[in-house]
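S.K.: Before I ask anything, here is the structure I am working with.
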There are 4 protein chains.
Amino acid sequence: MTSSRLLGSLATTEELADLFSDGSVLAAFLRFESALARAQARLGLIPASAADAISRAAAGEAFDAGAIASEARASATMAIPLVNALSARLAAANDAAGGFVHWGATSQDAIDTAMSLLLDRARTIVGRDHARLERSLRGLSDRHAATVMLGRTLLQPAPPITFGYKVAGWYGEVHRSWRRLCASFGGAVTLQFGGAAGTLAAYGHRGTALAAELAKELNLPVADAPWQAHRDRLAALVADCGIYTSALGKIARDVSLLMQPEVGEVAEAGGGSSAMPNKRNPAGSVLALAAATRMPGLVAAFLAGMVQEHERAAGGWQAECPTVAAVIETTGSALAAIAESIDGLTVYPERMRANLNTTHGVIFAEKARMLVQPALGREATQRLLAEAAREALESAQPFREVLRGKREIASLLTAEQMDAIDRPEDYLGAAEEFRRKLLED
Amino acid sequence: MTSSRLLGSLATTEELADLFSDGSVLAAFLRFESALARAQARLGLIPASAADAISRAAAGEAFDAGAIASEARASATMAIPLVNALSARLAAANDAAGGFVHWGATSQDAIDTAMSLLLDRARTIVGRDHARLERSLRGLSDRHAATVMLGRTLLQPAPPITFGYKVAGWYGEVHRSWRRLCASFGGAVTLQFGGAAGTLAAYGHRGTALAAELAKELNLPVADAPWQAHRDRLAALVADCGIYTSALGKIARDVSLLMQPEVGEVAEAGGGSSAMPNKRNPAGSVLALAAATRMPGLVAAFLAGMVQEHERAAGGWQAECPTVAAVIETTGSALAAIAESIDGLTVYPERMRANLNTTHGVIFAEKARMLVQPALGREATQRLLAEAAREALESAQPFREVLRGKREIASLLTAEQMDAIDRPEDYLGAAEEFRRKLLED
Amino acid sequence: MTSSRLLGSLATTEELADLFSDGSVLAAFLRFESALARAQARLGLIPASAADAISRAAAGEAFDAGAIASEARASATMAIPLVNALSARLAAANDAAGGFVHWGATSQDAIDTAMSLLLDRARTIVGRDHARLERSLRGLSDRHAATVMLGRTLLQPAPPITFGYKVAGWYGEVHRSWRRLCASFGGAVTLQFGGAAGTLAAYGHRGTALAAELAKELNLPVADAPWQAHRDRLAALVADCGIYTSALGKIARDVSLLMQPEVGEVAEAGGGSSAMPNKRNPAGSVLALAAATRMPGLVAAFLAGMVQEHERAAGGWQAECPTVAAVIETTGSALAAIAESIDGLTVYPERMRANLNTTHGVIFAEKARMLVQPALGREATQRLLAEAAREALESAQPFREVLRGKREIASLLTAEQMDAIDRPEDYLGAAEEFRRKLLED
Amino acid sequence: MTSSRLLGSLATTEELADLFSDGSVLAAFLRFESALARAQARLGLIPASAADAISRAAAGEAFDAGAIASEARASATMAIPLVNALSARLAAANDAAGGFVHWGATSQDAIDTAMSLLLDRARTIVGRDHARLERSLRGLSDRHAATVMLGRTLLQPAPPITFGYKVAGWYGEVHRSWRRLCASFGGAVTLQFGGAAGTLAAYGHRGTALAAELAKELNLPVADAPWQAHRDRLAALVADCGIYTSALGKIARDVSLLMQPEVGEVAEAGGGSSAMPNKRNPAGSVLALAAATRMPGLVAAFLAGMVQEHERAAGGWQAECPTVAAVIETTGSALAAIAESIDGLTVYPERMRANLNTTHGVIFAEKARMLVQPALGREATQRLLAEAAREALESAQPFREVLRGKREIASLLTAEQMDAIDRPEDYLGAAEEFRRKLLED
């Protein structure tokens, strides 16, 4: 995450940049502090009037985020200047409630819980775009269930598939990755509340009761115990964002390759170029590929901080915040871009057919092999088919016709088999069956 | 993964090094080929005699792994030289069955499925050590439910916890991470079978029936569709290994810190040093920390390959194998090391108590603050307690006695409160409650 | 427009956050556009009046960074909305010069060169803090050239070193890493100017002349050719930032470990804690460790984008900006923190001596071994010294006295050798020689 | 003993796999031990007869690498079982020299120096392939200095370049990256010799003299001080391998894209496919892309270990070995693959011309714009050229002819300008100038 909207403009969306902006972070932090005060008042731990005063102060006009950010370095936590600023505001109003700000809590309680509140909203934002993408992919796959195209392996032609099956493959991976990501959100969005050493000792025997009350106030679940130095739940969220974004990156890679004019099988609605007014760039795919490029390193950056010391880490925890925000923003950026790309995608079935035909049918060599090898043996079959493929490509003749001219092979096939040998519709195997299973859910 | 047992000796276990050794990889590959032949014979796709011959050849004496590895580079897949070697063996015996080797399958079917078979065994190996570790951690936590020690945050003293609670925190993270890892193993250990373009077209309408038969033969589940270019399931396994290993690394970090002689609160059975016969090194923790150091990068290396082209990637897929093996071996290495470390751990409760006492009680400043601040206000409280803490540390007097001498404070506490102010047993909050919840499962 | 100084507050400095802030990025971009116009006017490629008008418009009041950031996504580059905004400003003034904005240039020319301009300033900022740190480390090392302390390996005691030597080791690594980083800055801070396809064809045969003029205008060197899709120079800068920050992280790890109260050999001036007024946290080390935690992943994120397509990448290039900014900011954050930490460091030589003494001299077992093993043989020596070490530790007697009681050993040492066996000053080997060489430069 | 050549077959070369094989690692380790003994004998630190005996034992038949690897875990270093095995061999021969094995040295001295010896040989192996690749790239660039082809940005057509310039760009990046890598080899290949705590105290005042003698014996340079916990030199080597491999990956990405049959501009000699005898896969590019995929994570894995504790790390150092070997092997694998790919590359200039023509000349819109915009203004120009481009593409007419029909535009161009508007040779700008500079060195 950079401190700049411009430099990060391709790595976030407006909505997510807002979510992690200073105003929003401040609000989440203050929401924690005022919920804590209200929950404590309800249990009689602090006077109700103090809770009211704290809530009012926390709801007041903005604090100076820049000043707080600068002061944060001195104590290695932004919680201290934040709490000081809130207390100072009350003190300035001569309100003794200042003494009850952050009462018995620790920095990490406020920061981790504020992050949970932000992640909770991120889930909603991302979930909305995901739902849209799933719908679009299902529709696209259904419309092209019978659109035949080249399969491609190692960037070389392979036997045919349908575009509908290809899209269903995209859908499947995105769908599974989203399911995992949802589960991770469920685990990670949770109250952190442990006090100075994770025991809530400052509240005597009322600690867990207060935690429950606070969680209710914030509408967050409570974990079995504070997780100050145990970051697996957040790590799972980060890793699952990484996998999800990679799944989007795979779509982007395919779309950008299919959109090369030499291939020309699909086109994004596209972004322009300043130099060439005619140019249509795969802007959506580019954004998603940029996101997928950055994610593995961001995931590594988070995991590297998990080996935390004792009850609160000296470095590993303090490294997390910018990474988590960058991970969520990058995920959301890729998702918004791909959702847009898929929604605006033009498909050219005739170009798909034409590219298939350009192979002259040599991609059906495997089919011929399955038919004749039992009779001819492995070696002869390989030799004859390689020969035939070469002839077809060199003479620009259909592979079928070349085969017809090879007595050893032709004699083994019925006329019907020979006629159909390069009919892509007859060589789709279980493509449609797989497509349906992938969309089934 | 390196090609050497010595250089990798600290990054694997004997069992896992064997699992990914050439013999074992060859066996898994050949198991795929012979299962495929048997399944095909059962469906009448190839003669039963061919299946028998293939199975016999595959079960025969070892192939030349070194030669196969060298040839693999020419085609960017080890499957081609492997299939050739198996066919050649049958051809040498003048057996026409050679033509039915790998019948209609593609390289990736064999390699991905062979990896699934290896991962299935890895799950058992790792699962056994994990069960042992869980048992040991539960026992250790129970035995030290009442062993009081310093909490430590940012490597500085904080209010007390129990060693049992600390261990329960380790248990909780390892336990949750294992549950996720188990689910990922369940997703990743699955048949890959799609043929040249992922449609199984070579088998006409029999593709999915054959897949089912083959899966039965190999005792593997079938996914909804081939996953040639969709690697999210493997990615989840890799990422969850990363999280699990980091959880082990956290234990290792804590143990190695507690085992510093200046702290001296626990000791591993320990490894020796060539130079100093008296030395007892935290060898188990060191192995686990080494593993945790390498894992984030390995996870990133896998994720980076997920953006795969079309129906089979040009690079991303081919990058996977050594990473997956390294990830599993590194996980297993960390686990074996920590299981050993915990089983052999000596705990020194008296040293824990002594280190706590060395703080002269200033770690209870928070407790004092909770008691007096409502009356004194925030500022006065902070000032007085800071003063008292400084005096206690400088004069090596108990914080309690210094407080007793401060009228403003002493006047606010009952005698009982004052006497108990630095009694760690009285300031453990919900430690035991949390400990139990963490162990509950 | 949003900003996120708060979440990144521990991962940057105020100065570097400003450097990569929207205002500063905009200014660098506009500086490129106006320098381009001036250089073109000088070569007669555009009218001088157009260049003047463009320079005036570019120097005018701020553009709407938020709007530009949002529009950037549509074309996958922020250059298009920026150029449009600048053109529109001129058009609004009815100035035909708008047509000459960005004349013949491409998005990447502007963005890469703007980044070079920012990096040039970053070098100055970081260089200043580095010089300060070098000075401080040299001074600290010199002052403690004779301060004896425990060597520590695997977090266990080893033979003695001097604190001065330890600090010189820190200095050496930081110094070497900085030299590499300087060289990388030199390579990376360079003009990018290639036009649409890297040939400068839009300028006919005047391309390289214009490049030279533009470079002069911006006070930047010109590379041998445009480097649109060849990012090795930037990659070297990023990697060398990673190494430099890791070198700072090593200092931070050592300082934070030495500052544990149980060790107590140094103390940072320190950051406070909200809960415990007495607490002195290693805030500087924590910031540097947080930086070092994030860097390997950030470096990986950059390297992952280097495999760029043809003449301008579809994803890899677009991924760079936020990573480069984060890398520089993180480096600067670690550096500022460690410079502060070292400047404020209190050293406790008496505590170093005390910790050394607590080993009862068993760390000199190696010294004894060197003296007696030639006579006693390997096995007997190991056995006897292990025994002696155990006795010393168990009885809390000096190792020296225990040895004196072992006839086989005592008989082999002169009285002087025996008396000096555990004198740390006599077992420092080449520590001072190494220290001086490390500081030599 | 196990080995895993198969799973790593695409990630190494035979030569490098041999270099890091157990036999080679053992030999390097034993070379250190016997050189140490000889150097010590020469200085009179041990008897000459002991040095002879150690050298003989070290040169004897192989040790059991598998057993040593297994034992290594107990002490977290393979040096201890290795030294024990060597001592035991001498003890078995009743030779007292066993006591002088590894005399005064520490594990890390032996392991780091053995790695230096291996890296020294790696430099030679890799250097040879690099020289071959440089030669091939220069030749290829020269032969195609005038071969015109499409520039491509974001995988879309851009103004023309020459294939010779494209290849020179590859050359330039590989060449610069190699120069950096050479410097890093020079820094990293160096003796490590510090003894237990990095002071060489065991040798009294003879430490540095012995280091010099040992270095001479091993033909390695000596650093200014031991670098046990300061790993920047190795880190630079690892990072520069990462950059170099990424530069190779960029070539591979371009080649694999140009080799798509729909593009068809180059072809590798190519690897086959088991299923399709006609198929020609970009096997070399695939291997290099696989390498480039893994490298960023491997670099991160190394950097993550640099934050090392005190005088020898507890985890960070022990994590290095397998990463360093994997990095070197992966680099060598990519290099060998690309050297092969380039040497066997067929170039199809006519296909390059044809693909260029397929754009109907709209890629020259920029050229037209430069000519007419000064007269027509920005907006009118953009509108007219966009219109013309659309017409050309829709009607499959030359852009030139469409422009000729647009009076506003045609009236501004001379007949000659109009005729040449889409002549690629006339729109290459400084391509040849840049090409030469890149090859100049």
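Note on naming: chains are A, B, ... as they come in the structure tokens, residues start from 1 per chain, ligands start from 1 in the order shown.
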Pairing every Cα of chain D with chain A in order, what RMSD remains after the least-squares superposition?
M.R.: 0.9 Å
S.K.: Quick one: which residues from chain D are at most 6 Å off chain B, using only C-alpha atoms, as a compact mmCIF listing (two decimals) with N, CA, C and O atoms, in the first residue's frame?
M.R.:
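Wrote it out as out12.txt, contents follow:
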# COMPACT_ATOMS: atom_id res chain seq x y z
N THR D 2 18.36 -41.36 -0.53
CA THR D 2 17.38 -41.01 -1.55
C THR D 2 17.89 -39.85 -2.39
O THR D 2 18.83 -39.17 -2.05
N SER D 3 17.25 -39.66 -3.46
CA SER D 3 17.59 -38.53 -4.33
C SER D 3 16.33 -38.18 -5.08
O SER D 3 15.41 -38.96 -5.18
N SER D 4 16.26 -36.98 -5.62
CA SER D 4 15.01 -36.57 -6.23
C SER D 4 15.29 -35.84 -7.54
O SER D 4 14.84 -34.73 -7.74
N ARG D 5 16.05 -36.48 -8.38
CA ARG D 5 16.34 -35.89 -9.66
C ARG D 5 15.08 -35.74 -10.50
O ARG D 5 14.93 -34.78 -11.24
N LEU D 6 14.16 -36.69 -10.37
CA LEU D 6 12.99 -36.68 -11.25
C LEU D 6 12.12 -35.46 -11.02
O LEU D 6 11.81 -34.72 -11.96
N LEU D 7 11.70 -35.22 -9.77
CA LEU D 7 10.80 -34.09 -9.51
C LEU D 7 11.46 -32.76 -9.85
O LEU D 7 10.79 -31.80 -10.18
N GLY D 8 12.77 -32.72 -9.77
CA GLY D 8 13.46 -31.48 -10.08
C GLY D 8 14.01 -31.43 -11.50
O GLY D 8 14.76 -30.52 -11.83
N SER D 9 13.60 -32.38 -12.32
CA SER D 9 14.28 -32.52 -13.62
C SER D 9 14.17 -31.28 -14.50
O SER D 9 15.06 -31.01 -15.29
N LEU D 10 13.09 -30.51 -14.37
CA LEU D 10 12.95 -29.33 -15.21
C LEU D 10 13.55 -28.09 -14.55
O LEU D 10 13.50 -27.00 -15.12
N ALA D 17 23.04 -30.28 -11.19
CA ALA D 17 22.55 -31.29 -10.25
C ALA D 17 23.74 -32.06 -9.70
O ALA D 17 23.79 -32.37 -8.50
N SER D 21 25.16 -32.38 -5.79
CA SER D 21 24.87 -33.75 -5.33
C SER D 21 25.69 -34.06 -4.09
O SER D 21 26.66 -33.37 -3.77
N ASP D 22 25.30 -35.11 -3.41
CA ASP D 22 25.97 -35.46 -2.15
C ASP D 22 27.46 -35.66 -2.33
O ASP D 22 28.26 -35.20 -1.50
N ALA D 69 23.16 -37.08 6.60
CA ALA D 69 21.99 -36.22 6.46
C ALA D 69 21.00 -36.48 7.59
O ALA D 69 20.42 -35.55 8.18
N ARG D 73 20.05 -33.56 11.62
CA ARG D 73 18.91 -32.92 12.28
C ARG D 73 19.11 -32.79 13.79
O ARG D 73 18.67 -31.81 14.39
N ALA D 74 19.74 -33.77 14.39
CA ALA D 74 19.87 -33.76 15.85
C ALA D 74 20.62 -32.52 16.35
O ALA D 74 20.31 -31.98 17.42
N SER D 75 21.61 -32.07 15.60
CA SER D 75 22.38 -30.90 16.04
C SER D 75 22.10 -29.68 15.18
O SER D 75 22.71 -28.63 15.35
N ALA D 76 21.18 -29.82 14.24
CA ALA D 76 20.84 -28.72 13.32
C ALA D 76 22.03 -28.26 12.49
O ALA D 76 22.08 -27.11 12.07
N GLY D 271 10.20 -29.17 -28.66
CA GLY D 271 10.00 -30.47 -28.06
C GLY D 271 8.70 -31.06 -28.55
O GLY D 271 7.78 -30.33 -28.90
N GLY D 272 8.62 -32.37 -28.59
CA GLY D 272 7.44 -33.04 -29.09
C GLY D 272 6.37 -33.19 -28.04
O GLY D 272 6.48 -32.71 -26.92
N ALA D 283 9.67 -25.82 -25.91
CA ALA D 283 10.17 -26.47 -24.69
C ALA D 283 11.20 -25.61 -23.96
O ALA D 283 11.18 -25.51 -22.74
N VAL D 286 9.53 -22.77 -22.25
CA VAL D 286 8.74 -23.27 -21.11
C VAL D 286 9.65 -23.50 -19.90
O VAL D 286 9.31 -23.13 -18.76
N LEU D 289 10.57 -20.11 -18.53
CA LEU D 289 9.43 -19.48 -17.84
C LEU D 289 9.16 -20.15 -16.51
O LEU D 289 8.81 -19.50 -15.52
N ALA D 290 9.30 -21.48 -16.48
CA ALA D 290 9.13 -22.17 -15.20
C ALA D 290 10.16 -21.66 -14.20
O ALA D 290 9.84 -21.41 -13.03
N THR D 293 9.28 -18.23 -12.99
CA THR D 293 8.13 -18.29 -12.10
C THR D 293 8.57 -18.56 -10.67
O THR D 293 8.04 -17.99 -9.72
N ARG D 294 9.54 -19.44 -10.52
CA ARG D 294 9.95 -19.84 -9.17
C ARG D 294 10.91 -18.87 -8.50
O ARG D 294 11.01 -18.83 -7.28
N GLY D 297 10.10 -16.08 -5.54
CA GLY D 297 9.86 -16.70 -4.25
C GLY D 297 11.14 -17.21 -3.62
O GLY D 297 11.34 -17.11 -2.40
N LEU D 298 12.02 -17.77 -4.44
CA LEU D 298 13.28 -18.26 -3.89
C LEU D 298 14.13 -17.10 -3.37
O LEU D 298 14.77 -17.21 -2.32
N ALA D 300 12.98 -14.30 -2.22
CA ALA D 300 12.33 -13.89 -0.97
C ALA D 300 12.71 -14.84 0.16
O ALA D 300 12.94 -14.41 1.29
N ALA D 301 12.75 -16.14 -0.16
CA ALA D 301 13.10 -17.12 0.88
C ALA D 301 14.50 -16.86 1.43
O ALA D 301 14.74 -17.02 2.63
N ALA D 304 14.51 -13.50 3.53
CA ALA D 304 13.80 -13.65 4.80
C ALA D 304 14.70 -14.19 5.90
O ALA D 304 14.42 -14.00 7.08
N GLY D 305 15.78 -14.84 5.52
CA GLY D 305 16.67 -15.40 6.53
C GLY D 305 17.78 -14.47 6.96
O GLY D 305 18.59 -14.82 7.82
N ALA D 314 19.74 -18.50 14.75
CA ALA D 314 18.94 -19.65 15.14
C ALA D 314 17.81 -19.80 14.12
O ALA D 314 16.67 -19.45 14.38
N GLY D 315 18.13 -20.27 12.94
CA GLY D 315 17.10 -20.49 11.93
C GLY D 315 17.42 -19.87 10.58
O GLY D 315 17.33 -20.53 9.55
N GLY D 316 17.78 -18.62 10.59
CA GLY D 316 18.01 -17.91 9.32
C GLY D 316 19.17 -18.48 8.53
O GLY D 316 19.08 -18.63 7.31
N GLN D 318 20.43 -21.55 8.93
CA GLN D 318 20.17 -22.96 8.63
C GLN D 318 19.16 -23.12 7.48
O GLN D 318 19.02 -24.20 6.92
N ALA D 319 18.47 -22.03 7.14
CA ALA D 319 17.50 -22.08 6.05
C ALA D 319 18.15 -21.90 4.69
O ALA D 319 17.53 -22.16 3.66
N CYS D 321 20.99 -23.14 2.78
CA CYS D 321 21.59 -24.08 1.84
C CYS D 321 20.67 -24.53 0.70
O CYS D 321 21.02 -24.40 -0.47
N PRO D 322 19.49 -25.08 1.01
CA PRO D 322 18.68 -25.57 -0.10
C PRO D 322 18.22 -24.43 -1.02
O PRO D 322 18.08 -24.63 -2.22
N ALA D 326 19.01 -24.24 -4.99
CA ALA D 326 17.87 -24.14 -5.91
C ALA D 326 17.99 -22.91 -6.80
O ALA D 326 17.65 -22.94 -8.00
S.K.: Write down as a PyMOL selection string the residues belonging to range 143-237 of chain D that are assigned strand (DSSP E) by DSSP computed on the backbone.
M.R.: chain D and resi 148-153+156-162
S.K.: Given the selection you just returned, output its residues as a file containing C-alpha atoms, formatted as a compact mmCIF listing (two decimals), in the first residue's frame.
M.R.:
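Result file result-v4.txt:
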# COMPACT_ATOMS: atom_id res chain seq x y z
CA VAL D 148 10.84 -5.42 -39.96
CA MET D 149 8.09 -6.61 -37.62
CA LEU D 150 5.24 -5.30 -35.53
CA GLY D 151 5.98 -3.63 -32.28
CA ARG D 152 3.52 -4.92 -29.72
CA THR D 153 2.36 -3.19 -26.56
CA GLN D 156 -1.74 -5.23 -29.25
CA PRO D 157 -0.08 -3.95 -32.42
CA ALA D 158 2.06 -0.83 -32.23
CA PRO D 159 4.35 0.89 -34.73
CA PRO D 160 7.03 -1.30 -36.31
CA ILE D 161 10.41 -2.29 -34.95
CA THR D 162 13.08 -4.60 -36.28
S.K.: Kindly give the distance, in Å, that separates CA of Ser411 in chain A and CA of Ala368 in chain A, rounded to a single decimal.
M.R.: 12.3 Å
S.K.: Just list the residues in range 35-254 of chain B DSSP gives helix (DSSP H, G or I) on the backbone, as number ranges by chain.
M.R.: B: 35-42, 48-59, 65-75, 79-92, 96-100, 107-143, 163-188, 201-218, 232-254
S.K.: Separation of CA of Pro374 in chain C and CA of Ile409 in chain C, in Å?
M.R.: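 Answer for the CA of Pro374 in chain C to CA of Ile409 in chain C separation: 11.6 Å.
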S.K.: Contacts of Leu403 in chain D at 12 Å or less, counting only C-alpha atoms, minus same-chain residues fewer than 5 places along, as number ranges by chain?
M.R.: D: 360-362, 364-365, 368-369, 372, 381, 384-392, 397-398, 408-413, 415, 417-419, 421-422
S.K.: Write out as a list in words each polymer residue whose atoms come within 7 Å of range 214-230 of chain B, counting only C-alpha atoms; drop sequence neighbours fewer than 2 positions from it.
M.R.: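 In the requested format, the answer is Glu173, Phe434, Lys437 and Leu438 of chain A; Ala35, Leu36, Ala39, Thr190, Leu191, Gln192, Phe193, Gly194, Gly198, Leu210, Ala211, Ala212, Asp232, Gln308, His310, Glu311, Arg312 and Ala313 of chain B.
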S.K.: Take the residues just selected and output them with N, CA, C and O atoms as a JSON list (two decimals), in the first residue's frame.
M.R.:
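Done, and the output landed in part.json:
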[["chain", "number", "residue", "atom", "x", "y", "z"],
["A", 173, "GLU", "N", -12.97, -22.31, -10.92],
["A", 173, "GLU", "CA", -11.85, -21.93, -10.06],
["A", 173, "GLU", "C", -12.20, -20.70, -9.22],
["A", 173, "GLU", "O", -11.89, -20.64, -8.04],
["A", 434, "PHE", "N", -18.62, -31.89, -18.43],
["A", 434, "PHE", "CA", -17.77, -31.18, -17.46],
["A", 434, "PHE", "C", -18.28, -29.75, -17.25],
["A", 434, "PHE", "O", -18.32, -29.24, -16.14],
["A", 437, "LYS", "N", -21.19, -29.79, -14.90],
["A", 437, "LYS", "CA", -20.78, -30.08, -13.51],
["A", 437, "LYS", "C", -20.11, -28.87, -12.88],
["A", 437, "LYS", "O", -20.33, -28.58, -11.70],
["A", 438, "LEU", "N", -19.31, -28.19, -13.65],
["A", 438, "LEU", "CA", -18.60, -27.03, -13.10],
["A", 438, "LEU", "C", -19.57, -25.92, -12.70],
["A", 438, "LEU", "O", -19.36, -25.20, -11.71],
["B", 35, "ALA", "N", -2.68, -48.67, -13.62],
["B", 35, "ALA", "CA", -4.10, -48.54, -13.24],
["B", 35, "ALA", "C", -4.92, -48.11, -14.46],
["B", 35, "ALA", "O", -6.05, -48.57, -14.68],
["B", 36, "LEU", "N", -4.37, -47.22, -15.24],
["B", 36, "LEU", "CA", -5.06, -46.75, -16.44],
["B", 36, "LEU", "C", -5.33, -47.93, -17.38],
["B", 36, "LEU", "O", -6.45, -48.11, -17.89],
["B", 39, "ALA", "N", -8.03, -50.19, -15.91],
["B", 39, "ALA", "CA", -9.36, -49.58, -16.00],
["B", 39, "ALA", "C", -9.85, -49.63, -17.44],
["B", 39, "ALA", "O", -11.03, -49.91, -17.71],
["B", 190, "THR", "N", -6.60, -35.71, -5.58],
["B", 190, "THR", "CA", -7.70, -36.07, -6.45],
["B", 190, "THR", "C", -7.15, -36.43, -7.82],
["B", 190, "THR", "O", -6.06, -36.01, -8.19],
["B", 191, "LEU", "N", -7.89, -37.26, -8.51],
["B", 191, "LEU", "CA", -7.47, -37.68, -9.85],
["B", 191, "LEU", "C", -7.43, -36.49, -10.80],
["B", 191, "LEU", "O", -8.31, -35.63, -10.78],
["B", 192, "GLN", "N", -6.36, -36.44, -11.62],
["B", 192, "GLN", "CA", -6.35, -35.51, -12.76],
["B", 192, "GLN", "C", -6.43, -36.39, -14.00],
["B", 192, "GLN", "O", -5.57, -37.25, -14.22],
["B", 193, "PHE", "N", -7.46, -36.18, -14.81],
["B", 193, "PHE", "CA", -7.62, -37.01, -16.00],
["B", 193, "PHE", "C", -8.45, -36.25, -17.02],
["B", 193, "PHE", "O", -9.66, -36.12, -16.86],
["B", 194, "GLY", "N", -7.76, -35.71, -18.01],
["B", 194, "GLY", "CA", -8.47, -34.89, -18.99],
["B", 194, "GLY", "C", -8.06, -35.14, -20.43],
["B", 194, "GLY", "O", -8.72, -34.67, -21.35],
["B", 198, "GLY", "N", -8.30, -31.70, -22.11],
["B", 198, "GLY", "CA", -9.19, -31.63, -20.96],
["B", 198, "GLY", "C", -10.61, -32.09, -21.24],
["B", 198, "GLY", "O", -11.51, -31.88, -20.42],
["B", 210, "LEU", "N", -14.51, -43.93, -17.72],
["B", 210, "LEU", "CA", -13.13, -44.37, -17.52],
["B", 210, "LEU", "C", -12.49, -43.63, -16.35],
["B", 210, "LEU", "O", -11.78, -44.23, -15.53],
["B", 211, "ALA", "N", -12.77, -42.35, -16.26],
["B", 211, "ALA", "CA", -12.22, -41.57, -15.14],
["B", 211, "ALA", "C", -12.66, -42.17, -13.81],
["B", 211, "ALA", "O", -11.86, -42.32, -12.87],
["B", 212, "ALA", "N", -13.93, -42.54, -13.74],
["B", 212, "ALA", "CA", -14.46, -43.11, -12.51],
["B", 212, "ALA", "C", -13.76, -44.43, -12.18],
["B", 212, "ALA", "O", -13.39, -44.71, -11.03],
["B", 232, "ASP", "N", -6.08, -24.07, -8.06],
["B", 232, "ASP", "CA", -6.46, -23.52, -6.76],
["B", 232, "ASP", "C", -6.41, -24.56, -5.65],
["B", 232, "ASP", "O", -6.07, -24.24, -4.52],
["B", 308, "GLN", "N", -2.13, -19.42, -15.45],
["B", 308, "GLN", "CA", -1.73, -20.39, -16.47],
["B", 308, "GLN", "C", -2.46, -20.16, -17.79],
["B", 308, "GLN", "O", -3.63, -19.77, -17.82],
["B", 310, "HIS", "N", -4.46, -20.90, -21.06],
["B", 310, "HIS", "CA", -5.38, -21.79, -21.77],
["B", 310, "HIS", "C", -5.53, -23.18, -21.13],
["B", 310, "HIS", "O", -5.72, -23.28, -19.93],
["B", 311, "GLU", "N", -5.37, -24.22, -21.95],
["B", 311, "GLU", "CA", -5.68, -25.58, -21.46],
["B", 311, "GLU", "C", -4.48, -26.29, -20.82],
["B", 311, "GLU", "O", -4.64, -27.34, -20.18],
["B", 312, "ARG", "N", -3.29, -25.77, -21.02],
["B", 312, "ARG", "CA", -2.11, -26.25, -20.26],
["B", 312, "ARG", "C", -1.06, -25.16, -20.38],
["B", 312, "ARG", "O", -0.79, -24.64, -21.46],
["B", 313, "ALA", "N", -0.47, -24.84, -19.24],
["B", 313, "ALA", "CA", 0.38, -23.65, -19.17],
["B", 313, "ALA", "C", 1.73, -23.86, -19.85],
["B", 313, "ALA", "O", 2.19, -24.99, -20.00]]
S.K.: List the spatial neighbours of Gly44 in chain C as JSON, numbers by chain - criterion: any atom at most 12 Å away, only C-alpha atoms, same-chain residues fewer than 3 positions off excluded.
M.R.: {"C": [37, 38, 39, 40, 41, 47, 48, 49, 50, 51, 203, 206, 209, 210, 213]}
S.K.: Report the distance between CA of Ser184 in chain C and CA of Leu237 in chain C in Å, rounded to one decimal place.
M.R.: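 Interatomic distance here is 4.8 Å.
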